[in-house]
Every structure is written in C-alpha cells, then in structure tokens.
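Student: Right, I'll just put the structure down here and ask away after.
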Amino acid sequence: MKKMFVMSLIATLCLFSLTATVKFADAGEAQVIATIQTGPEWEPLERGEPLTVPEVHYRVKHSPYKSELVRYGQFQFNENSWTLQGEYSCASCHYERGQTTGLIWDLGDEGWGSWKNTKYIRGGRYLPPFRHEGFTGHPDEIVGATSSIDRVCGRDPGFVFRSENFSPERLEALIAYIRSLEFTGSPFRNEDGSLTAAQKRGWKVFSDPKVGCIECHPGDPNNPRALFSDAQTHDVGTGRVGKDGFRTTPGAVFNTTALEAGVDPYGEEYDVPIIGLDLVKEFDTPTLRDIYASGTYFHDGSAETLMNTIDNTCTTKDMHGVTSHLNNQQLQDLVEFMKAL
Amino acid sequence: MKKRSLFLSILGAGLVSLLISQSASAGFIQGTRVRTEHPSPFHVSVSPDGGTLFLANQSGHSVTFVDTRTRKVTGEVPVQVQPEATVCTQDGRTLYVCNAESDTVSVVDVGNKAVIKTIKVGDWPCSIKLSNDGMKAYVCCSGSMWNSVDIIDTAMNNKIGEIRTSDYGPRDIAISPDGKTAAVVLDTTGKINRCVDFIDLATGRVTETRVIPGSANFRGVEYTPDGQYVLFTMEQPKNWLPVCEAENAQIFSNNVAMVETKKGGKVAQFPLDELNNYDGNPYGIAICPEGKYVYIGVRGMHRVTILDLAKMTDIIQSSSQCELDAMKDDLTIMVDYLVTRVNVGLGPSSVALSPDGKICYAANYFSNNVSVIRTPLE
C-alpha cells in the first residue's frame with residue numbers, strides 16, 4: 001500500500017518534472033534545483049553573423065552611452081565562449097575592472113617578436129591614437145577605437161581571438177563599453193583632493209622646462225580633464241633595434257647577455273628570457289592619468305616601476321625627459337606626483 | 001580627488017532615490033557612469049544559520065537579502081559605490097560590505113536592513129573575512145599600488161590597523177580553521193609570478209610568501225577544513241610565446257592552485273581545462289565543511305565546476321614538486337578529479353555553501369540571479 005503510494009508519487013513527480021522540463025537526476029548528482037531572480041532577467045545579444053572582411057570599417061550607429069549596449073559590451077568583455085575552447089576573455093588580459101593585468105604579449109600583427117604591454121583601457125575614449133605604436137585614430141570618430149579593437153582582437157581569425165570574429169552588433173557593443181570606461185582617479189592625494197607636499201614638489205620638477213615632461217605630457221593636476229599626453233608619437237629611447245634586428249633595451253624583463261649571444265627570441269624553454277624586437281622606435285605618448293594603476297610601464301613593459309621610467313635604466317640617457325641631473329629626492333617626488341594623477 | 005565626483009553624484013542619486021521610493025537599484029555599470037537597472041550580483045555570502053543570502057550588487061550599489069527557505073528577495077539595502085564582498089557576523093546581526101570604488105566598508109544592521117556606519121579603508125576593498133572569535137574583520141585593499149589588509153574592530157566598528165602584504169593587490173583572504181593564520185592572494189599588476197602571503201594574525205606579520213611561477217589573475221582563496229592546504233583560482237598566461245602559436249592551453253590556461261600550508265610546502269596548479277572544454281576565468285571558490293568537494297564559479301563559461309578534494313590531495317601527496325610542475329598544462333588530467341560541471345546563469349562570479357554543505361549558491365552577474373545547486377553531498 002505504502003509502496004504503491006510512493007510509486008504513484010514518483011510517477012506524478014516524473015510527469016511534473018517532464019512538463020516542467022527539469023532534468024530528473026540520480027540522487028547524489030549535482031544540479032540546479034532553483035533559480036532566484038534578484039533583478040531584471042537578461043539575455044545577451046544574439047551571436048549573429050561574424051564580420052569576415054578585414055577591410056570593412058564599421059561605424060557605431062547608436063549612441064555609445066546607451067545603457068543596454070554598454071552592458072552587452074561588458075558581457076562580451078567578460079565572456080569566453082567565443083574563444084576557440086573558452087580559454088580566456090578580454091578580461092583575462094585587461095582585468096574585469098577595465099584596467100590591465102600588466103602582462104606583455106607578442107600579438108604578432110606588428111611582426112612577431114614585438115612584445116607589447118597590455119594597455120590600460122579606462123579613459124581610452126579620450127585619447128586616440130590607439131595602441132602603443134599609435135596606429136589609427138581620427139579623434140572625432142569612433143573608428144579609431146574600432147580599428148584598435150579590430151587589430152587587437154583580430155578580425156583575422158588566427159590572431160588573438162582565434163575562433164570567431166564578432167558580428168557588427170557585438171563589435172558595436174564592445175566599443176560602446178570600452179568608450180564608456182572612465183578613469184578611476186588616484187587614491188594617493190589628500191582627502192580634499194589637493195596635492196600632498198611631496199606631490200607639489202614633484203609637480204615643480206615635472207613642469208620644469210629643463211626636465212621637459214610637460215612638453216610631451218601636457219596637463220594641469222588641478223584639471224580633472226587633463227590627460228597628460230600630446231597624442232603624438234616620439235622616440236624616447238625605449239624601442240631600439242639592435243644588431244641582428246634585436247632590440248637592446250636593458251630593461252628588467254630583457255636579458256641582454258642572451259641577446260648578445262643571439263638566442264632565439266622566442267625561446268624554447270619556459271625560463272628562456274623574452275627578447276623583443278621593435279619595428280619602430282617611436283611610440284604613442286600614453287596618458288599619465290591613473291598611471292598608478294597600470295602596472296609595468298612603456299610599450300614593452302620594460303620599466304617595472306614608475307621610478308624606472310625616469311631614472312634612465314630603461315631608456316637611452318636623457319631621451320625620455322632630461323633627468324640625469326636630478327637628485328634622488330627629486331626623482332622620488334616626481335614619482336609621487338605621477339601617482340597623484 | 002579620488003573618485004569624488006562620481007562618489008558625490010552617487011551619494012546625491014542615492015539620497016534622492018531614498019527620498020522618493022526607498023529603492024536602491026539605480027546604479028552604474030562598473031567602471032563607467034552609464035546608468036543601469038541591472039544590479040549585477042558580484043558576490044554571494046550566507047548567514048551563519050544558513051537562512052539568508054547576501055548579494056553584493058556591483059552595479060546596483062546595494063546588497064540584496066534573500067530568504068533561503070522561501071527563495072524570495074526580502075530586502076535591499078543601498079550601500080556605497082561598487083560593493084564587491086560581504087560577511088555576516090556569527091550572531092547574524094551585522095553585515096560588513098566592501099565598497100570597492102568608494103574605498104569604504106558599510107556596516108549594515110541586518111534586522112533593520114539599514115547602514116549604521118561607514119568606515120574608510122584603503123584603495124579598492126574587495127574582500128572581507130572575520131576572525132574566528134569575531135572580534136576583527138580583515139579587509140583586502142586590492143588597489144594596483146596598494147598593499148594593505150585593513151583591520152576593523154567589530155565592537156567599535158573602527159579601523160584599528162593595517163597588515164602590510166609583501167606586494168600590491170591583495171585580492172582575497174582566507175582564515176585558517178584554527179584562526180591563527182591568514183592566506184592572502186596577491187594579484188599584482190605586471191607580475192608574472194604572483195604570490196600568496198601567509199600571515200600570522202597575532203602579530204600581523206607575513207611569515208611566508210609563496211611564489212606561484214607563471215601565474216596571474218588570482219581571484220578566490222579558501223583553506224581546506226583540515227588546514228593543510230589553501231586552494232585558489234588563477235590563470236596561467238602563456239605570454240612567452242607569440243600568440244600565433246596559441247593552440248591548446250597556449251594563451252591562457254585556467255587552474256586552481258593547491259598549496260601546502262606548511263613552510264616551504266608543495267605548490268600544485270591543477271588544470272581546470274580539458275581539451276576543447278576550458279573553464280575560462282575561474283573566480284569564486286568554496287570548499288565544503290567535510291572537505292569533500294571544491295566548488296568553482298567559472299565566470300567566463302557560465303558554470304560551476306565541482307572537484308573531488310580527496311583525489312586532488314592524493315595527487316599532491318604522491319607527487320614530487322617536479323611532477324606537479326609538469327602537470328599544470330596537462331589537459332588530460334582534469335577528468336581524474338572532476339566530479340561534474342553544472343551550467344548556471346551568466347557570469348557566476350562567486351559561490352557560497354549552506355552551512356551543511358548541501359546547497360551551493362552561485363551569484364550570476366549578468367543574469368541578475370542566483371543558481372541554487374544541490375550538491376553531491378545531498
């Protein structure tokens with residue numbers, strides 16, 4: 001009697017679960033038994049037909065600030081299913097906070113062996129041209145950002161994003177998201193937003209014409225819109241092509257002894273040092289806003305710290321601002337100032 | 001200057017919405033000033049009695065309360081900008097919330113569903129845990145040039161000190177079962193060999209820093225219940241190769257690190273990936289109280305991966321460090337300790353277990369919901 005009751009119960013349950021299209025699993029098998037909605041339901045954009053023609057310039061049609069579009073873009077940025085096997089997303093290199101993990105990569109589209117520091121992408125909309133070599137970018141056109149993403153994420157399958165090119169809609173959403181990322185602002189100022197004593201001293205050095213920072217990194221620390229970049233490319237002694245085509249920056253990441261020995265730039269072993277080769281010597285002047293948050297510095301990450309960008313260890317002497325006459329305190333102050341931006 | 005204008009406008013918006021409707025769901029998409037109606041739950045925690053879930057809504061700038069029995073939303077408390085973690089006191093009365101963008105911790109009275117105090121902490125607080133006696137809360141301040149775990153006195157609700165980590169970017173903290181030690185994972189921008197610090201909580205000093213070779217993107221950390229190991233989610237960037245060589249596991253692979261807590265102990269990086277089936281961007285982690293299963297929220301692939309901890313322990317115990325190093329790129333080994341993968345909503349960034357370990361909750365960032373998963377323990 002009891003057995004029959006149980007059986008009929010099971011039968012009804014089965015029926016119920018069939019109609020409710022819930023998978024009826026064995027006991028002990030993990031499964032989702034409920035979903036609690038705590039906000040609006042949300043679905044991502046359809047995958048759509050991918051763009052296949054690399055030459056096509058696609059322009060954003062809608063306002064990039066449209067909220068839904070930006071959220072689709074944020075999703076795109078953080079999701080992996082469009083990589084070949086789900087192995088990574090934009091956020092793996094750029095951080096889910098829209099910043100950078102500070103990892104350096106050989107993306108290959110400027111020639112193999114040209115290692116590039118992952119760019120900090122917050123605030124990027126303010127400042128074409130894009131990428132370290134300063135390709136592309138008409139300040140008034142989103143097309144600059146478009147081409148940047150194109151080239152980074154590769155409409156050419158086989159580069160960074162191997163499996164699938166984005167559909168126009170998805171690309172548009174991604175661009176809208178990236179364009180809407182704002183700078184975070186420095187945590188190193190006084191509570192009221194003013195510069196500390198050390199930062200003020202650093203500002204004096206920074207704006208000294210004999211030192212020259214302000215020439216290429218123009219800006220006023222009291223202006224929240226200042227960008228501290230002239231949006232031009234310059235040779236500041238960071239990208240030199242050495243003998244045999246190898247670069248010769250003696251940065252921390254690079255091993256000059258291996259370089260002189262002419263070791264294969266890619267290396268076969270995990271612990272063979274990375275040796276890069278630049279095709280150009282001039283690089284885009286990066287903004288110094290949020291510089292505290294952007295990890296290793298210069299196009300190839302050769303400067304590990306802010307101090308290394310100005311102490312002539314990673315650049316040809318006095319090519320990146322004239323700093324060799326500054327004393328240690330002045331260099332420290334300069335670093336403190338940059339942290340405030 | 002720090003985030004001030006954004007902060008003020010949010011404060012303003014918060015006040016207005018409080019006056020008008022008591023609603024808390026208006027916020028901004030993370031990193032932008034674009035308004036959104038989507039709360040985007042980034043983190044889930046469970047009250048000690050298992051009765052309530054707390055969801056930190058990163059874009060909603062609020063915490064949502066859910067009753068686990070009725071599975072209904074019971075309230076929402078506005079906090080400051082971009083909450084990324086919560087922890088509830090043992091008596092269930094107080095909730096601490098990390099507001100990452102505002103650099104504050106909100107103290108919430110759970111009963112009245114109201115913020116009773118806001119405490120200023122270091123840059124980008126994104127994780128918080130309580131000491132075993134409940135007297136202190138430890139807050140990871142994960143700013144890119146910040147290296148403090150701030151200490152809050154839970155009686156006075158004041159910041160009473162800071163622990164200096166060995167490098168920048170402390171992302172998550174776990175307290176050992178005996179309450180004496182903390183493990184803090186450091187997600188340091190620009191480092192290819194990121195570290196985990198072991199901290200003596202009595203002195204507030206780092207006692208050991210363990211380097212994880214070739215690692216990045218540390219997210220969640222937990223102790224095993226026996227205190228012998230810590231496990232944390234991570235990714236391995238393969239950036240010494242040009243990306244044209246990117247084939248299996250060649251750009252990023254996704255791992256869970258398992259580290260012996262005894263000094264100088266072994267370090268294993270267990271792959272989460274199988275050939276053609278990668279667990280891209282592993283985030284939150286939880287370990288059941290019996291030490292049987294490990295749960296990982298795989299944010300980029302919208303699933304929760306469940307691992308068999310005993311099998312992983314066998315592997316680490318029976319292998320030399322050399323063998324463990326060779327294992328980290330092996331895409332055939334995952335099946336040995338995989339229990340199952342459970343598909344959930346979009347962007348599961350955090351997982352948490354009921355006190356008995358029978359239910360696992362996953363906070364789905366993009367779907368704005370929580371998946372309730374019956375675990376294999378049930």
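Going through the structure tokens in order, the chains are called A, B, and so on, while each chain numbers its residues from 1 and the ligands are numbered from 1 in the order shown.
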Could you list, as a list in words, every residue within 9 Å of Pro83 of chain B, counting only C-alpha atoms and ignoring same-chain residues fewer than 2 positions away?
Tutor: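 Counting only C-alpha atoms, the residues come to Phe42, His43, Ala56, Asn57, Gln58, Ser59, Gly60, His61, Ser62, Val63, Val79, Gln80, Val81, Ala85, Thr86, Val97, Cys98, Asn99, Ala100, Glu101, Ser102, Val105, Pro125 and Cys126 of chain B.
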Student: Would you list which chain B residues are within 7 Å of chain A using only C-alpha atoms, as number ranges by chain?
Tutor: B: 1-3, 31-32, 34-36, 38-39, 71, 73, 123, 144-145, 189-190, 239-244, 252-253, 276-281, 300-301, 342, 366-378
Student: Set the distance at 7 Å and use only C-alpha atoms: which residues neighbour Val344 of chain B once local chain neighbours fewer than 5 positions away are removed? I'd like the list as a list in words.
Tutor: His302, Arg303, Val304 and Ser371 of chain B
Student: Create the file for the chosen residues now, containing N, CA and C atoms and written as a compact mmCIF listing (two decimals), in the first residue's frame.
Tutor:
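Done, and the output landed in selection38.txt:
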# COMPACT_ATOMS: atom_id res chain seq x y z
N HIS B 302 30.14 30.33 -17.54
CA HIS B 302 28.78 30.23 -17.02
C HIS B 302 28.47 28.87 -16.41
N ARG B 303 29.38 28.38 -15.59
CA ARG B 303 29.11 27.11 -14.93
C ARG B 303 29.86 27.04 -13.61
N VAL B 304 29.42 26.08 -12.80
CA VAL B 304 30.12 25.80 -11.55
C VAL B 304 30.78 24.44 -11.71
N SER B 371 21.84 30.89 -8.76
CA SER B 371 21.50 29.49 -9.01
C SER B 371 21.65 28.72 -7.71
Student: Mind checking which residues fall within 7 Å of segment 211-216 of chain B, counting only C-alpha atoms, ignoring those fewer than 4 positions away in the same chain, and posting them as a list in words?
Tutor: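 The filter keeps Asp187, Ile192, Asn193, Arg194, Cys195, Val196, Met234, Glu235, Gln236 and Pro237 of chain B.
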Student: Please identify all polymer residues within 12 Å of Pro218 of chain A, counting only C-alpha atoms, omitting same-chain residues fewer than 5 positions from it, and present them as a list in words.
Tutor: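 That gives Trp203, Phe206, Ser207, Asp208, Pro209, Gly212, Cys213, Asn223, Arg225, Ala226, Leu227, Phe228, Ser229, Asp230, Ala231, Gln232, Thr285, Pro286, Thr287, Leu288 and Arg289 of chain A.
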